[in-house]
Amino acid sequence: MNAVDHTKPRQKTEEMINKLLAERQEMLVRFCRVAGLDPYTPSEPSREMLEEFCQVLVDYSAFGHFEIYSRILSGEERRKRVLEVASRIYPKIAEATEFAVAFNDKYDALTHTEPLDHLNDDLCKLGEEIAVRIDVEDQLVSALMAA
């Protein structure tokens with residue numbers, strides 16, 4: 001009897017997780033810059049800085065939402081624990097993705113020239129959404145990486 005080779009799917013999963021975590025890290029760095037958090041302390045973010053953050057935010061949100069979840073929903077993932085975690089956390093991921101898209105629509109400098117009067121409040125709310133998303137994503141990453 002031939003043993004089933006699980007190396008390729010595991011490698012694909014690991015690559016997908018590494019890409020998600022790299023995109024998340026890039027998004028967090030840019031979030032800190034835009035929000036003026038230490039070690040970044042601009043008096044006010046530039047439109048270019050905000051535009052770059054919006055692009056990275058959308059890329060990160062879309063990757064997690066579409067790449068990882070579409071893989072799970074398409075049936076490529078058969079591990080019961082992963083499916084249970086994904087089912088439980090998906091509404092929170094979807095909510096965070098919707099908020100990220102709305103933030104992008106409001107602040108993307110290429111399409112809007114609105115004043116930044118509400119940016120700090122919106123960044124606070126976005127930060128809360130990002131924190132929830134990271135928490136639930138980490139649960140999924142743990143389930144995906146489990147043997």
# chains A, B, ... in the order shown; residues from 1 in each chain; ligands from 1
$ residues_around --residues "range 84-92 of chain A" --least-positions-apart "3" --cutoff "12 Å" --atoms "only C-alpha atoms" --output "PyMOL selection string"
chain A and resi 64-66+68-73+77-81+95-99+128-144
$ residues_around --residues "Gln25 in chain A" --least-positions-apart "6" --cutoff "12 Å" --atoms "only C-alpha atoms" --output "number ranges by chain"
A: 18-19, 31-32, 53, 56-57, 60, 130, 134
$ closest_residue --among "A:Ala22, A:Val34, A:Ala146, A:Met27" --to "Ser46 in chain A" --atoms "only C-alpha atoms"
A:Val34
$ closest_residue --among "A:Met16, A:Tyr107, A:Gln11, A:Ile93" --to "Glu52 in chain A" --atoms "only C-alpha atoms"
A:Tyr107
$ atom_distance --atom1 "CA of Asn120 in chain A" --atom2 "CA of Cys54 in chain A"
14.6 Å
$ decode --residues "range 9-33 of chain A" --atoms "N, CA, C and O atoms" --output "PDB file, in the first residue's frame"
ATOM      1  N   PRO A   9       0.277  19.508   0.168  1.00  0.00           N
ATOM      2  CA  PRO A   9      -0.759  20.351   0.763  1.00  0.00           C
ATOM      3  C   PRO A   9      -0.268  21.103   2.000  1.00  0.00           C
ATOM      4  O   PRO A   9      -0.600  22.269   2.197  1.00  0.00           O
ATOM      5  N   ARG A  10       0.534  20.471   2.822  1.00  0.00           N
ATOM      6  CA  ARG A  10       1.075  21.130   4.019  1.00  0.00           C
ATOM      7  C   ARG A  10       1.984  22.288   3.616  1.00  0.00           C
ATOM      8  O   ARG A  10       1.957  23.344   4.233  1.00  0.00           O
ATOM      9  N   GLN A  11       2.790  22.057   2.583  1.00  0.00           N
ATOM     10  CA  GLN A  11       3.683  23.112   2.107  1.00  0.00           C
ATOM     11  C   GLN A  11       2.863  24.292   1.575  1.00  0.00           C
ATOM     12  O   GLN A  11       3.179  25.439   1.848  1.00  0.00           O
ATOM     13  N   LYS A  12       1.819  24.000   0.842  1.00  0.00           N
ATOM     14  CA  LYS A  12       0.948  25.055   0.309  1.00  0.00           C
ATOM     15  C   LYS A  12       0.291  25.832   1.451  1.00  0.00           C
ATOM     16  O   LYS A  12       0.212  27.058   1.411  1.00  0.00           O
ATOM     17  N   THR A  13      -0.157  25.115   2.470  1.00  0.00           N
ATOM     18  CA  THR A  13      -0.770  25.760   3.634  1.00  0.00           C
ATOM     19  C   THR A  13       0.239  26.661   4.330  1.00  0.00           C
ATOM     20  O   THR A  13      -0.071  27.804   4.674  1.00  0.00           O
ATOM     21  N   GLU A  14       1.454  26.153   4.521  1.00  0.00           N
ATOM     22  CA  GLU A  14       2.492  26.943   5.190  1.00  0.00           C
ATOM     23  C   GLU A  14       2.831  28.196   4.379  1.00  0.00           C
ATOM     24  O   GLU A  14       2.991  29.283   4.944  1.00  0.00           O
ATOM     25  N   GLU A  15       2.936  28.066   3.073  1.00  0.00           N
ATOM     26  CA  GLU A  15       3.217  29.228   2.214  1.00  0.00           C
ATOM     27  C   GLU A  15       2.092  30.254   2.303  1.00  0.00           C
ATOM     28  O   GLU A  15       2.344  31.460   2.370  1.00  0.00           O
ATOM     29  N   MET A  16       0.851  29.777   2.314  1.00  0.00           N
ATOM     30  CA  MET A  16      -0.302  30.663   2.404  1.00  0.00           C
ATOM     31  C   MET A  16      -0.296  31.413   3.751  1.00  0.00           C
ATOM     32  O   MET A  16      -0.523  32.628   3.788  1.00  0.00           O
ATOM     33  N   ILE A  17      -0.001  30.703   4.812  1.00  0.00           N
ATOM     34  CA  ILE A  17       0.041  31.327   6.140  1.00  0.00           C
ATOM     35  C   ILE A  17       1.185  32.333   6.216  1.00  0.00           C
ATOM     36  O   ILE A  17       1.011  33.439   6.740  1.00  0.00           O
ATOM     37  N   ASN A  18       2.336  31.977   5.686  1.00  0.00           N
ATOM     38  CA  ASN A  18       3.467  32.907   5.688  1.00  0.00           C
ATOM     39  C   ASN A  18       3.142  34.187   4.924  1.00  0.00           C
ATOM     40  O   ASN A  18       3.507  35.279   5.345  1.00  0.00           O
ATOM     41  N   LYS A  19       2.442  34.045   3.802  1.00  0.00           N
ATOM     42  CA  LYS A  19       2.051  35.229   3.035  1.00  0.00           C
ATOM     43  C   LYS A  19       1.057  36.083   3.822  1.00  0.00           C
ATOM     44  O   LYS A  19       1.170  37.302   3.868  1.00  0.00           O
ATOM     45  N   LEU A  20       0.097  35.436   4.459  1.00  0.00           N
ATOM     46  CA  LEU A  20      -0.876  36.166   5.285  1.00  0.00           C
ATOM     47  C   LEU A  20      -0.164  36.935   6.389  1.00  0.00           C
ATOM     48  O   LEU A  20      -0.431  38.121   6.603  1.00  0.00           O
ATOM     49  N   LEU A  21       0.755  36.290   7.087  1.00  0.00           N
ATOM     50  CA  LEU A  21       1.447  36.930   8.201  1.00  0.00           C
ATOM     51  C   LEU A  21       2.353  38.062   7.722  1.00  0.00           C
ATOM     52  O   LEU A  21       2.471  39.088   8.400  1.00  0.00           O
ATOM     53  N   ALA A  22       2.967  37.903   6.567  1.00  0.00           N
ATOM     54  CA  ALA A  22       3.798  38.978   6.008  1.00  0.00           C
ATOM     55  C   ALA A  22       2.935  40.180   5.626  1.00  0.00           C
ATOM     56  O   ALA A  22       3.303  41.331   5.903  1.00  0.00           O
ATOM     57  N   GLU A  23       1.788  39.924   5.009  1.00  0.00           N
ATOM     58  CA  GLU A  23       0.883  41.021   4.647  1.00  0.00           C
ATOM     59  C   GLU A  23       0.334  41.699   5.898  1.00  0.00           C
ATOM     60  O   GLU A  23       0.184  42.917   5.936  1.00  0.00           O
ATOM     61  N   ARG A  24       0.044  40.894   6.913  1.00  0.00           N
ATOM     62  CA  ARG A  24      -0.451  41.463   8.172  1.00  0.00           C
ATOM     63  C   ARG A  24       0.613  42.375   8.783  1.00  0.00           C
ATOM     64  O   ARG A  24       0.303  43.476   9.229  1.00  0.00           O
ATOM     65  N   GLN A  25       1.862  41.913   8.800  1.00  0.00           N
ATOM     66  CA  GLN A  25       2.950  42.714   9.370  1.00  0.00           C
ATOM     67  C   GLN A  25       3.099  44.039   8.624  1.00  0.00           C
ATOM     68  O   GLN A  25       3.233  45.092   9.249  1.00  0.00           O
ATOM     69  N   GLU A  26       3.073  43.985   7.315  1.00  0.00           N
ATOM     70  CA  GLU A  26       3.177  45.207   6.502  1.00  0.00           C
ATOM     71  C   GLU A  26       2.018  46.153   6.808  1.00  0.00           C
ATOM     72  O   GLU A  26       2.194  47.357   6.952  1.00  0.00           O
ATOM     73  N   MET A  27       0.815  45.608   6.920  1.00  0.00           N
ATOM     74  CA  MET A  27      -0.362  46.429   7.230  1.00  0.00           C
ATOM     75  C   MET A  27      -0.216  47.074   8.605  1.00  0.00           C
ATOM     76  O   MET A  27      -0.502  48.256   8.781  1.00  0.00           O
ATOM     77  N   LEU A  28       0.262  46.310   9.594  1.00  0.00           N
ATOM     78  CA  LEU A  28       0.408  46.852  10.949  1.00  0.00           C
ATOM     79  C   LEU A  28       1.455  47.966  11.008  1.00  0.00           C
ATOM     80  O   LEU A  28       1.254  48.979  11.687  1.00  0.00           O
ATOM     81  N   VAL A  29       2.554  47.801  10.288  1.00  0.00           N
ATOM     82  CA  VAL A  29       3.580  48.843  10.249  1.00  0.00           C
ATOM     83  C   VAL A  29       2.994  50.118   9.657  1.00  0.00           C
ATOM     84  O   VAL A  29       3.155  51.215  10.197  1.00  0.00           O
ATOM     85  N   ARG A  30       2.278  49.970   8.556  1.00  0.00           N
ATOM     86  CA  ARG A  30       1.687  51.157   7.911  1.00  0.00           C
ATOM     87  C   ARG A  30       0.568  51.757   8.769  1.00  0.00           C
ATOM     88  O   ARG A  30       0.395  52.973   8.797  1.00  0.00           O
ATOM     89  N   PHE A  31      -0.176  50.915   9.471  1.00  0.00           N
ATOM     90  CA  PHE A  31      -1.205  51.418  10.388  1.00  0.00           C
ATOM     91  C   PHE A  31      -0.551  52.293  11.469  1.00  0.00           C
ATOM     92  O   PHE A  31      -1.033  53.385  11.757  1.00  0.00           O
ATOM     93  N   CYS A  32       0.537  51.807  12.045  1.00  0.00           N
ATOM     94  CA  CYS A  32       1.230  52.573  13.082  1.00  0.00           C
ATOM     95  C   CYS A  32       1.736  53.905  12.547  1.00  0.00           C
ATOM     96  O   CYS A  32       1.658  54.934  13.233  1.00  0.00           O
ATOM     97  N   ARG A  33       2.233  53.904  11.330  1.00  0.00           N
ATOM     98  CA  ARG A  33       2.702  55.156  10.719  1.00  0.00           C
ATOM     99  C   ARG A  33       1.554  56.147  10.549  1.00  0.00           C
ATOM    100  O   ARG A  33       1.682  57.316  10.900  1.00  0.00           O
TER     101      ARG A  33
END
